[in-house]
file model-v4.txt (compact mmCIF, C-alpha atoms)
# COMPACT_ATOMS: atom_id res chain seq x y z
CA MET A 149 85.46 75.85 77.61
CA ARG A 150 86.11 77.97 74.51
CA ARG A 151 86.05 81.08 76.69
CA LEU A 152 88.58 79.53 79.05
CA ILE A 153 90.92 78.59 76.21
CA LEU A 154 90.57 82.02 74.58
CA ALA A 155 91.30 83.81 77.86
CA ALA A 156 94.26 81.53 78.59
CA VAL A 157 95.64 82.07 75.08
CA ILE A 158 95.31 85.87 75.37
CA LEU A 159 96.90 85.79 78.81
CA ALA A 160 99.78 83.68 77.52
CA ALA A 161 100.14 86.02 74.52
CA VAL A 162 100.26 89.08 76.80
CA LEU A 163 102.86 87.40 79.00
CA GLY A 164 104.86 86.36 75.94
CA ALA A 165 104.68 89.89 74.52
CA THR A 166 105.92 91.37 77.79
CA PHE A 167 108.91 88.98 77.82
CA TRP A 168 109.60 89.78 74.17
CA ASN A 169 109.47 93.48 75.04
CA THR A 170 112.01 92.94 77.83
CA GLN A 171 114.32 91.06 75.46
CA ARG A 172 113.96 93.69 72.76
CA LEU A 173 114.68 96.52 75.16
CA ASN A 174 117.70 94.67 76.53
CA GLY A 175 118.97 94.21 72.98
CA LEU A 176 118.50 97.89 72.16
CA THR A 177 120.13 99.21 75.33
CA GLY A 178 122.96 96.69 74.92
CA GLN A 179 123.62 97.89 71.36
CA MET A 180 123.46 101.52 72.48
CA LEU A 181 125.87 100.92 75.37
CA SER A 182 128.32 99.13 73.11
CA LEU A 183 128.23 102.02 70.59
CA ILE A 184 128.75 104.57 73.38
CA ASP A 185 131.67 102.52 74.76
CA GLN A 186 133.14 102.40 71.28
CA ALA A 187 132.69 106.16 70.86
CA GLY A 188 134.26 106.65 74.30
CA GLY A 189 137.38 104.74 73.24
CA GLN A 190 137.62 106.77 70.02
CA ALA A 191 137.16 110.02 71.96
CA GLN A 192 139.93 109.03 74.38
CA GLU A 193 142.26 108.47 71.43
CA GLY A 194 141.32 111.91 70.12
CA ALA A 195 139.54 110.46 67.06
CA TRP A 196 136.62 112.86 67.46
CA ASP A 197 135.34 112.42 63.89
CA GLN A 198 135.12 108.66 64.35
CA ALA A 199 133.48 109.16 67.75
CA GLY A 200 130.95 111.47 66.08
CA GLY A 201 130.24 108.81 63.45
CA THR A 202 129.70 106.13 66.10
CA LEU A 203 127.39 108.45 68.02
CA GLU A 204 125.43 109.07 64.80
CA LYS A 205 124.90 105.31 64.55
CA ALA A 206 123.69 105.26 68.17
CA ARG A 207 121.37 108.20 67.47
CA ALA A 208 119.99 106.49 64.32
CA LEU A 209 119.38 103.29 66.27
CA TRP A 210 117.56 105.21 69.03
CA ASP A 211 115.46 107.28 66.60
CA GLU A 212 114.59 104.19 64.57
CA ARG A 213 112.91 102.62 67.65
CA SER A 214 111.30 105.88 68.76
CA ALA A 215 107.70 104.76 68.08
CA TYR A 216 108.23 101.42 69.85
CA LEU A 217 109.90 103.12 72.81
CA HIS A 218 107.08 105.64 73.17
CA MET A 219 104.58 102.79 73.22
CA THR A 220 106.34 100.88 75.98
CA LEU A 221 108.35 103.27 78.15
CA ARG A 222 107.61 106.37 80.18
CA HIS A 223 108.13 109.31 77.88
CA ALA A 224 110.21 111.16 80.48
CA ASP A 225 112.78 108.31 80.47
CA ILE A 226 113.02 108.39 76.68
CA ASP A 227 113.42 112.18 76.71
CA ALA A 228 116.24 111.90 79.27
CA VAL A 229 118.20 109.53 77.01
CA THR A 230 117.51 111.68 73.93
CA LEU A 231 118.76 114.76 75.80
CA SER A 232 121.93 112.99 76.94
CA LEU A 233 122.60 111.79 73.39
CA THR A 234 122.21 115.37 72.09
CA GLN A 235 124.58 116.68 74.77
CA LEU A 236 127.10 113.98 73.90
CA GLU A 237 126.96 115.02 70.24
CA GLN A 238 127.59 118.64 71.29
CA TYR A 239 130.62 117.70 73.42
CA THR A 240 131.95 115.63 70.50
CA ARG A 241 131.74 118.66 68.23
CA ALA A 242 133.37 120.79 70.95
CA LYS A 243 135.99 118.04 71.49
CA ASP A 244 135.50 118.43 75.26
CA ALA A 245 136.82 115.16 76.70
CA GLY A 246 135.95 115.92 80.36
CA GLN A 247 132.30 116.77 79.76
CA TRP A 248 132.09 113.97 77.23
CA ALA A 249 133.11 111.36 79.83
CA LEU A 250 130.65 112.72 82.41
CA CYS A 251 127.78 112.77 79.96
CA ALA A 252 128.60 109.29 78.59
CA ALA A 253 128.63 107.90 82.13
CA SER A 254 125.22 109.47 82.82
CA LEU A 255 123.82 108.11 79.52
CA SER A 256 125.12 104.63 80.30
CA VAL A 257 123.40 104.70 83.67
CA GLN A 258 120.14 105.87 82.09
CA LEU A 259 120.28 103.07 79.51
CA ASN A 260 121.09 100.48 82.15
CA LEU A 261 118.19 101.70 84.24
CA LEU A 262 115.85 101.40 81.27
CA SER A 263 116.61 97.73 80.80
CA GLU A 264 116.76 97.07 84.56
CA MET A 265 113.34 98.64 84.99
CA GLU A 266 111.82 96.01 82.68
CA ALA A 267 113.73 93.03 84.05
CA LEU A 268 111.59 90.47 85.88
CA THR A 269 113.30 90.63 89.26
CA LEU A 270 111.94 90.47 92.79
CA LYS A 271 113.25 94.00 93.40
CA ASN A 272 111.18 95.35 90.49
CA VAL A 273 108.04 93.39 91.32
CA LEU A 274 108.09 94.55 94.90
CA MET B 167 105.57 95.63 80.81
CA VAL B 168 106.30 92.22 82.34
CA ILE B 169 106.48 93.92 85.73
CA ALA B 170 103.04 95.45 85.11
CA PHE B 171 101.74 91.97 84.22
CA VAL B 172 103.17 90.28 87.31
CA ARG B 173 102.13 93.13 89.61
CA THR B 174 98.58 93.01 88.19
CA VAL B 175 98.30 89.29 88.90
CA ILE B 176 99.66 89.69 92.44
CA LEU B 177 97.45 92.68 93.28
CA TYR B 178 94.35 91.03 91.81
CA LEU B 179 94.82 87.90 93.91
CA LEU B 180 95.71 89.97 96.96
CA ILE B 181 92.58 92.14 96.72
CA ILE B 182 90.36 89.08 96.19
CA ALA B 183 91.91 87.44 99.25
CA GLY B 184 91.45 90.67 101.20
CA LEU B 185 87.80 90.92 100.27
CA ARG B 186 87.23 87.29 101.15
CA LEU B 187 88.80 87.87 104.56
CA MET B 188 86.76 91.02 105.14
CA GLY B 189 83.56 89.00 105.04
CA LYS B 190 80.60 89.08 102.71
CA ARG B 191 79.03 92.22 104.12
CA GLN B 192 81.77 94.33 102.54
CA ILE B 193 81.11 93.04 99.07
CA GLY B 194 77.70 94.53 98.22
CA GLU B 195 76.00 93.01 95.22
CA LEU B 196 78.97 91.67 93.30
CA GLU B 197 81.03 88.53 93.64
CA PRO B 198 84.57 89.24 94.96
CA SER B 199 86.21 88.72 91.55
CA ASP B 200 83.72 91.04 89.81
CA LEU B 201 84.13 93.69 92.48
CA VAL B 202 87.91 93.61 92.22
CA LEU B 203 87.66 93.91 88.45
CA ALA B 204 85.33 96.91 88.75
CA LEU B 205 87.56 98.55 91.35
CA LEU B 206 90.79 98.12 89.43
CA ILE B 207 89.77 98.68 85.82
CA ALA B 208 88.52 102.22 86.38
CA ASP B 209 91.78 103.24 88.04
CA LEU B 210 93.96 101.51 85.49
CA ALA B 211 92.17 103.23 82.64
CA ALA B 212 92.28 106.64 84.31
CA VAL B 213 96.07 106.82 84.74
CA PRO B 214 97.19 106.72 81.06
CA MET B 215 94.07 108.73 80.16
CA GLN B 216 95.20 111.66 82.29
CA ASP B 217 99.00 111.39 82.06
CA PHE B 218 100.20 111.73 78.48
CA GLY B 219 103.74 110.87 79.57
CA ILE B 220 102.71 107.28 80.27
CA PRO B 221 102.32 104.89 77.34
CA LEU B 222 98.82 103.61 76.71
CA LEU B 223 100.10 100.05 76.98
CA THR B 224 100.77 100.49 80.71
CA GLY B 225 96.99 100.67 81.09
CA VAL B 226 96.11 98.18 78.36
CA VAL B 227 98.38 95.33 79.56
CA PRO B 228 97.03 95.23 83.16
CA ILE B 229 93.42 95.62 81.96
CA LEU B 230 93.80 92.80 79.45
CA THR B 231 95.48 90.69 82.13
CA LEU B 232 92.66 91.35 84.59
CA LEU B 233 89.96 90.55 82.04
CA CYS B 234 91.64 87.28 81.11
CA ILE B 235 92.18 86.21 84.72
CA THR B 236 88.58 87.08 85.63
CA SER B 237 87.36 85.16 82.61
CA ILE B 238 89.48 82.13 83.53
CA PHE B 239 88.35 82.30 87.15
CA SER B 240 84.69 82.58 86.21
CA VAL B 241 84.89 79.54 83.91
CA LEU B 242 86.85 77.56 86.52
CA SER B 243 84.34 78.48 89.23
CA THR B 244 81.46 77.19 87.10
CA LYS B 245 83.36 73.94 86.45
CA SER B 246 84.69 73.34 89.96
CA PRO B 247 82.64 73.79 93.14
CA PHE B 248 85.89 73.73 95.15
CA PHE B 249 87.37 76.59 93.14
CA ARG B 250 84.12 78.51 93.46
CA THR B 251 84.25 78.09 97.23
CA VAL B 252 87.84 79.32 97.32
CA LEU B 253 87.04 82.31 95.11
CA CYS B 254 83.61 83.35 96.36
CA GLY B 255 83.18 81.55 99.68
CA ARG B 256 80.11 79.68 100.86
CA PRO B 257 76.73 81.10 101.84
CA SER B 258 76.51 81.49 105.63
CA ILE B 259 73.44 80.54 107.63
CA ILE B 260 72.92 83.46 109.99
CA ILE B 261 69.53 82.43 111.39
CA GLU B 262 68.44 78.81 111.61
CA ASN B 263 65.02 77.93 113.01
CA GLY B 264 64.71 81.39 114.52
CA GLU B 265 68.07 81.22 116.30
CA LEU B 266 70.96 83.55 115.57
CA ASN B 267 74.26 81.95 114.70
CA GLN B 268 76.61 84.39 116.41
CA ARG B 269 79.73 82.59 115.25
CA GLU B 270 78.76 83.05 111.60
CA MET B 271 77.85 86.67 112.29
CA ARG B 272 81.29 87.32 113.78
CA LYS B 273 82.97 85.47 110.94
CA ASN B 274 81.21 87.65 108.40
CA ARG B 275 81.58 90.85 110.44
CA LEU B 276 77.81 91.22 110.42
CA THR B 277 76.58 93.40 113.25
CA ILE B 278 73.23 92.96 114.95
CA ASP B 279 72.18 96.39 113.62
CA GLU B 280 72.98 95.36 110.06
CA LEU B 281 71.10 92.10 110.51
CA THR B 282 67.98 93.73 111.96
CA GLU B 283 68.09 96.36 109.22
CA GLU B 284 68.23 93.64 106.56
CA LEU B 285 65.39 91.74 108.24
CA ARG B 286 63.25 94.89 108.32
CA LEU B 287 64.01 95.52 104.65
CA GLN B 288 62.90 91.97 103.86
CA GLY B 289 59.67 92.44 105.81
CA CYS B 290 60.59 90.04 108.64
CA PRO B 291 61.57 92.26 111.59
CA ASP B 292 61.31 89.44 114.13
CA PRO B 293 64.32 87.04 113.93
CA SER B 294 62.34 84.33 115.76
CA ALA B 295 59.85 84.30 112.88
CA VAL B 296 62.62 83.49 110.42
CA LYS B 297 63.23 79.86 109.52
CA TYR B 298 66.46 80.63 107.66
CA ALA B 299 68.42 83.81 106.98
CA ILE B 300 71.33 83.13 104.64
CA LEU B 301 74.11 85.54 103.87
CA GLU B 302 74.82 84.88 100.20
CA THR B 303 78.29 85.03 98.64
CA ASN B 304 77.49 88.40 97.06
CA GLY B 305 76.76 89.90 100.49
CA GLN B 306 72.98 89.91 100.23
CA LEU B 307 70.78 88.37 102.91
CA SER B 308 68.11 85.89 101.83
CA VAL B 309 65.32 85.60 104.39
CA LEU B 310 63.04 82.58 104.42
CA PRO B 311 60.27 82.94 107.02
CA TYR B 312 58.49 79.99 108.65
CA ALA B 313 55.78 78.65 106.36
CA ALA B 314 53.15 79.86 108.85
CA GLN B 315 54.63 83.39 108.72
CA ALA B 316 55.02 83.55 104.94
CA PRO B 317 52.37 85.38 102.90
CA ALA B 318 49.82 83.02 101.35
CA THR B 319 50.15 82.49 97.62
CA PRO B 320 47.13 82.35 95.24
CA ALA B 321 47.88 78.63 94.76
CA GLN B 322 47.60 78.04 98.52
CA LEU B 323 44.28 79.89 98.47
CA GLY B 324 43.08 77.76 95.57
CA LEU B 325 42.96 80.72 93.19
CA THR B 326 44.10 80.66 89.55
CA PRO B 327 44.88 84.23 88.58
CA GLU B 328 45.41 85.07 84.93
CA GLU B 329 49.04 85.42 83.82
CA PRO B 330 49.47 89.01 82.70
CA GLY B 331 52.95 88.45 81.22
CA ILE B 332 55.29 91.35 80.60
CA PRO B 333 53.67 94.61 79.51
CA ARG B 334 55.22 95.72 76.21
CA VAL B 335 55.90 99.38 75.67
CA ILE B 336 54.21 100.33 72.41
CA VAL B 337 54.55 104.12 72.58
CA SER B 338 57.28 105.82 74.59
CA ASP B 339 57.16 109.61 74.89
CA GLY B 340 55.34 110.01 71.57
CA VAL B 341 57.54 107.50 69.70
CA LEU B 342 56.02 104.32 68.30
CA LEU B 343 58.08 101.19 68.98
CA ARG B 344 56.90 99.21 65.96
CA ARG B 345 58.86 96.09 66.84
CA ASN B 346 57.02 95.83 70.17
CA LEU B 347 53.69 96.53 68.42
CA ASN B 348 54.33 93.64 66.01
CA ARG B 349 55.51 91.34 68.82
CA ALA B 350 52.34 92.10 70.75
CA GLY B 351 50.40 90.93 67.67
CA ARG B 352 48.77 94.33 67.19
CA ASP B 353 48.63 96.72 64.25
CA ASP B 354 48.22 100.42 63.51
CA HIS B 355 44.45 100.06 63.38
CA TRP B 356 44.39 98.72 66.96
CA LEU B 357 46.83 101.42 68.07
CA TYR B 358 44.76 104.31 66.73
CA SER B 359 41.58 102.79 68.11
CA GLN B 360 43.24 102.87 71.56
CA LEU B 361 44.14 106.51 71.08
CA LYS B 362 40.61 107.30 69.97
CA LYS B 363 39.18 105.59 73.07
CA SER B 364 41.23 107.93 75.24
CA GLY B 365 40.24 110.96 73.22
CA LEU B 366 43.65 111.36 71.61
CA SER B 367 44.32 111.86 67.92
CA SER B 368 48.10 111.66 67.58
CA LEU B 369 50.95 109.53 68.93
CA LYS B 370 52.66 112.77 69.97
CA GLN B 371 49.99 113.16 72.66
CA VAL B 372 50.93 109.80 74.24
CA PHE B 373 53.53 109.63 77.01
CA LEU B 374 53.30 105.87 77.57
CA LEU B 375 51.24 103.08 76.07
CA THR B 376 51.73 99.49 77.13
CA VAL B 377 49.85 96.27 76.51
CA ASP B 378 50.26 92.96 78.32
CA GLU B 379 49.54 89.41 77.19
CA THR B 380 45.95 89.56 78.47
CA GLY B 381 45.34 92.62 76.28
CA LYS B 382 45.23 95.03 79.20
CA VAL B 383 46.20 98.47 77.96
CA CYS B 384 47.82 101.21 80.01
CA LEU B 385 47.76 104.59 78.29
CA VAL B 386 49.26 107.70 79.91
CA PRO B 387 48.70 110.91 77.92
CA LYS B 388 51.43 113.54 77.82
CA ALA B 389 51.02 116.28 80.37
CA VAL B 390 50.29 119.62 78.73
CA ALA B 391 53.07 122.06 79.54
CA SER B 392 51.70 125.01 81.49
call {"tool": "encode", "arguments": {"input": "model-v4.txt", "output": "structure tokens"}}
result
Amino acid sequence: MRRLILAAVILAAVLGATFWNTQRLNGLTGQMLSLIDQAGGQAQEGAWDQAGGTLEKARALWDERSAYLHMTLRHADIDAVTLSLTQLEQYTRAKDAGQWALCAASLSVQLNLLSEMEALTLKNVL
Amino acid sequence: MVIAFVRTVILYLLIIAGLRLMGKRQIGELEPSDLVLALLIADLAAVPMQDFGIPLLTGVVPILTLLCITSIFSVLSTKSPFFRTVLCGRPSIIIENGELNQREMRKNRLTIDELTEELRLQGCPDPSAVKYAILETNGQLSVLPYAAQAPATPAQLGLTPEEPGIPRVIVSDGVLLRRNLNRAGRDDHWLYSQLKKSGLSSLKQVFLLTVDETGKVCLVPKAVAS
């Protein structure tokens, strides 16, 4: 009976941890998307310095969770987001609004896909 | 990760169901749940081992999930005969009183060639001489011949042979296993007297030395390299 309880507890803990991971990833991508949206608005108004500052916050947030992300996500997906963030920083410095908008749209899609990939939906399970 | 968890549960149950439907002959020597575990764990471990771009947790979560489910299933199957039947199936009587049960054979996808091969392996080539042949849940065939066809036991012959017990290995390839020597109730003096009897002077000359509970010694000297 002890074995049954132990196995059930571990199984429940694993399931709980996977849900927690989904929530945490949703939180992170949500925060990132909101910062990118904010930077987008600032870039549209021509406030490139402010947009750069907002992007720095997004970069810091992403880098802060780097270890966690590498433990839970495919490294290629993390690299794609990191690359897009770097490109966005470059376009901010170059004050290139057209490229900035394209790159931000691509980054938003990548971030949405990251959280969608972990969502417990029939589409993902199948 | 939660997708990995759910997919693992679904695939585990699906493979068990598949194996149950395939019949016992496909299983081999393991119960369906054990076989599925063995099949899946190796693959799950190999993927993150080879691909450094995949986090280790993608292998760890499904493996942990599988181990826990198997553990839960094994406990439940010991507690509940119904659950055990669902998980592992029931033994099938293939031969009863010398007659083949063709329906059970079809159900278990057991061909006549496989059956005769198993009977030959069990030393009962004639199906009519078999009282019962039972296909166990692990895929093995148990053959019980008619009492008149079964080999006579010493008890039936009124004999009382001495119990030899398990022979303990005392020396293995020149190495003394002292724990076994002590358990056998022997000492170094006895050991060297055995060597002396065989014309040996050192343990290094011994390939194998065993002693059983009746005191019967088996000593195999090391072959001299030519």
call {"tool": "residues_around", "arguments": {"input": "model-v4.txt", "residues": "stretch 193-197 of chain A", "least_positions_apart": "6", "cutoff": "10 Å", "atoms": "all atoms listed in the file", "output": "list in words"}}
result
Ala187, Leu203, Tyr239, Thr240, Arg241, Ala242, Lys243, Asp244 and Ala245 of chain A
call {"tool": "atom_distance", "arguments": {"input": "model-v4.txt", "atom1": "atom CA of B:Thr174", "atom2": "atom CA of A:Trp168"}}
result
18.1 Å
call {"tool": "residues_around", "arguments": {"input": "model-v4.txt", "residues": "B:Lys297", "least_positions_apart": "3", "cutoff": "9 Å", "atoms": "only C-alpha atoms", "output": "PyMOL selection string"}}
result
chain B and resi 261-265+293-294+309-313
call {"tool": "write_last_selection", "arguments": {"input": "model-v4.txt", "atoms": "C-alpha atoms", "output": "PDB file, in the coordinates of the input"}}
result
ATOM      1  CA  ILE B 261      69.530  82.430 111.390  1.00  0.00           C
ATOM      2  CA  GLU B 262      68.440  78.810 111.610  1.00  0.00           C
ATOM      3  CA  ASN B 263      65.020  77.930 113.010  1.00  0.00           C
ATOM      4  CA  GLY B 264      64.710  81.390 114.520  1.00  0.00           C
ATOM      5  CA  GLU B 265      68.070  81.220 116.300  1.00  0.00           C
ATOM      6  CA  PRO B 293      64.320  87.040 113.930  1.00  0.00           C
ATOM      7  CA  SER B 294      62.340  84.330 115.760  1.00  0.00           C
ATOM      8  CA  VAL B 309      65.320  85.600 104.390  1.00  0.00           C
ATOM      9  CA  LEU B 310      63.040  82.580 104.420  1.00  0.00           C
ATOM     10  CA  PRO B 311      60.270  82.940 107.020  1.00  0.00           C
ATOM     11  CA  TYR B 312      58.490  79.990 108.650  1.00  0.00           C
ATOM     12  CA  ALA B 313      55.780  78.650 106.360  1.00  0.00           C
TER      13      ALA B 313
END
call {"tool": "closest_residue", "arguments": {"input": "model-v4.txt", "among": "B:Leu206, B:Ile169, B:Ile235, B:Glu270", "to": "A:Ala160", "atoms": "only C-alpha atoms"}}
result
B:Ile235
call {"tool": "interface_residues", "arguments": {"input": "model-v4.txt", "of": "chain B", "to": "chain A", "cutoff": "9 Å", "atoms": "only C-alpha atoms", "output": "CSV table (one decimal) with C-alpha atoms, keeping the file's coordinate frame"}}
result
chain,number,residue,atom,x,y,z
B,167,MET,CA,105.6,95.6,80.8
B,168,VAL,CA,106.3,92.2,82.3
B,169,ILE,CA,106.5,93.9,85.7
B,170,ALA,CA,103.0,95.4,85.1
B,171,PHE,CA,101.7,92.0,84.2
B,172,VAL,CA,103.2,90.3,87.3
B,173,ARG,CA,102.1,93.1,89.6
B,218,PHE,CA,100.2,111.7,78.5
B,219,GLY,CA,103.7,110.9,79.6
B,220,ILE,CA,102.7,107.3,80.3
B,221,PRO,CA,102.3,104.9,77.3
B,222,LEU,CA,98.8,103.6,76.7
B,223,LEU,CA,100.1,100.0,77.0
B,224,THR,CA,100.8,100.5,80.7
B,227,VAL,CA,98.4,95.3,79.6
B,230,LEU,CA,93.8,92.8,79.4
B,231,THR,CA,95.5,90.7,82.1
B,233,LEU,CA,90.0,90.6,82.0
B,234,CYS,CA,91.6,87.3,81.1
B,235,ILE,CA,92.2,86.2,84.7
B,236,THR,CA,88.6,87.1,85.6
B,237,SER,CA,87.4,85.2,82.6
B,238,ILE,CA,89.5,82.1,83.5
B,239,PHE,CA,88.4,82.3,87.2
B,240,SER,CA,84.7,82.6,86.2
B,241,VAL,CA,84.9,79.5,83.9
B,242,LEU,CA,86.8,77.6,86.5
call {"tool": "atom_distance", "arguments": {"input": "model-v4.txt", "atom1": "atom CA of B:Leu301", "atom2": "atom CA of B:Val252"}}
result
16.4 Å
call {"tool": "closest_residue", "arguments": {"input": "model-v4.txt", "among": "A:Met180, A:Cys251, A:Leu259, A:Ala215", "to": "A:Gln238", "atoms": "all atoms listed in the file"}}
result
A:Cys251
call {"tool": "closest_residue", "arguments": {"input": "model-v4.txt", "among": "A:Trp248, A:Leu255, A:Arg207, A:Asn260", "to": "A:Gln190", "atoms": "all atoms listed in the file"}}
result
A:Trp248
call {"tool": "residues_near_point", "arguments": {"input": "model-v4.txt", "point": "(129.0, 103.9, 65.8)", "cutoff": "12 Å", "atoms": "all atoms listed in the file", "output": "list in words"}}
result
Gln179, Met180, Leu181, Ser182, Leu183, Ile184, Asp185, Gln186, Ala187, Gly188, Gly189, Gln190, Ala191, Trp196, Asp197, Gln198, Ala199, Gly200, Gly201, Thr202, Leu203, Glu204, Lys205, Ala206, Arg207, Ala208, Leu209 and Trp210 of chain A
call {"tool": "atom_distance", "arguments": {"input": "model-v4.txt", "atom1": "atom CA of B:Leu177", "atom2": "atom CA of B:Ser243"}}
result
19.7 Å
call {"tool": "build_atoms", "arguments": {"input": "model-v4.txt", "residues": "stretch 259-281 of chain B", "atoms": "N, CA and C atoms", "output": "tab-separated table (two decimals), in the frame of the given file"}}
result
chain	number	residue	atom	x	y	z
B	259	ILE	N	74.77	80.55	107.00
B	259	ILE	CA	73.44	80.54	107.63
B	259	ILE	C	73.53	81.39	108.89
B	260	ILE	N	72.86	82.51	108.88
B	260	ILE	CA	72.92	83.46	109.99
B	260	ILE	C	71.81	83.18	111.01
B	261	ILE	N	70.63	82.82	110.49
B	261	ILE	CA	69.53	82.43	111.39
B	261	ILE	C	69.04	81.05	110.95
B	262	GLU	N	68.94	80.15	111.91
B	262	GLU	CA	68.44	78.81	111.61
B	262	GLU	C	67.36	78.50	112.64
B	263	ASN	N	66.18	78.21	112.14
B	263	ASN	CA	65.02	77.93	113.01
B	263	ASN	C	64.82	79.02	114.07
B	264	GLY	N	64.96	80.26	113.64
B	264	GLY	CA	64.71	81.39	114.52
B	264	GLY	C	65.85	81.73	115.46
B	265	GLU	N	66.95	80.97	115.39
B	265	GLU	CA	68.07	81.22	116.30
B	265	GLU	C	69.25	81.83	115.56
B	266	LEU	N	69.82	82.86	116.19
B	266	LEU	CA	70.96	83.55	115.57
B	266	LEU	C	72.23	82.72	115.72
B	267	ASN	N	72.97	82.62	114.65
B	267	ASN	CA	74.26	81.95	114.70
B	267	ASN	C	75.34	83.03	114.87
B	268	GLN	N	75.71	83.28	116.10
B	268	GLN	CA	76.61	84.39	116.41
B	268	GLN	C	78.02	84.16	115.85
B	269	ARG	N	78.40	82.90	115.77
B	269	ARG	CA	79.73	82.59	115.25
B	269	ARG	C	79.83	83.01	113.78
B	270	GLU	N	78.77	82.68	113.02
B	270	GLU	CA	78.76	83.05	111.60
B	270	GLU	C	78.69	84.56	111.44
B	271	MET	N	77.96	85.21	112.36
B	271	MET	CA	77.85	86.67	112.29
B	271	MET	C	79.22	87.31	112.51
B	272	ARG	N	79.94	86.79	113.49
B	272	ARG	CA	81.29	87.32	113.78
B	272	ARG	C	82.21	87.07	112.59
B	273	LYS	N	82.11	85.86	112.05
B	273	LYS	CA	82.97	85.47	110.94
B	273	LYS	C	82.77	86.39	109.74
B	274	ASN	N	81.52	86.79	109.55
B	274	ASN	CA	81.21	87.65	108.40
B	274	ASN	C	81.17	89.13	108.75
B	275	ARG	N	81.59	89.45	109.96
B	275	ARG	CA	81.58	90.85	110.44
B	275	ARG	C	80.21	91.49	110.25
B	276	LEU	N	79.19	90.73	110.54
B	276	LEU	CA	77.81	91.22	110.42
B	276	LEU	C	77.34	91.64	111.81
B	277	THR	N	77.01	92.92	111.94
B	277	THR	CA	76.58	93.40	113.25
B	277	THR	C	75.09	93.13	113.43
B	278	ILE	N	74.65	93.20	114.67
B	278	ILE	CA	73.23	92.96	114.95
B	278	ILE	C	72.37	94.06	114.31
B	279	ASP	N	72.91	95.28	114.27
B	279	ASP	CA	72.18	96.39	113.62
B	279	ASP	C	71.99	96.12	112.13
B	280	GLU	N	73.08	95.65	111.50
B	280	GLU	CA	72.98	95.36	110.06
B	280	GLU	C	71.98	94.24	109.81
B	281	LEU	N	72.02	93.23	110.69
B	281	LEU	CA	71.10	92.10	110.51
B	281	LEU	C	69.65	92.54	110.67
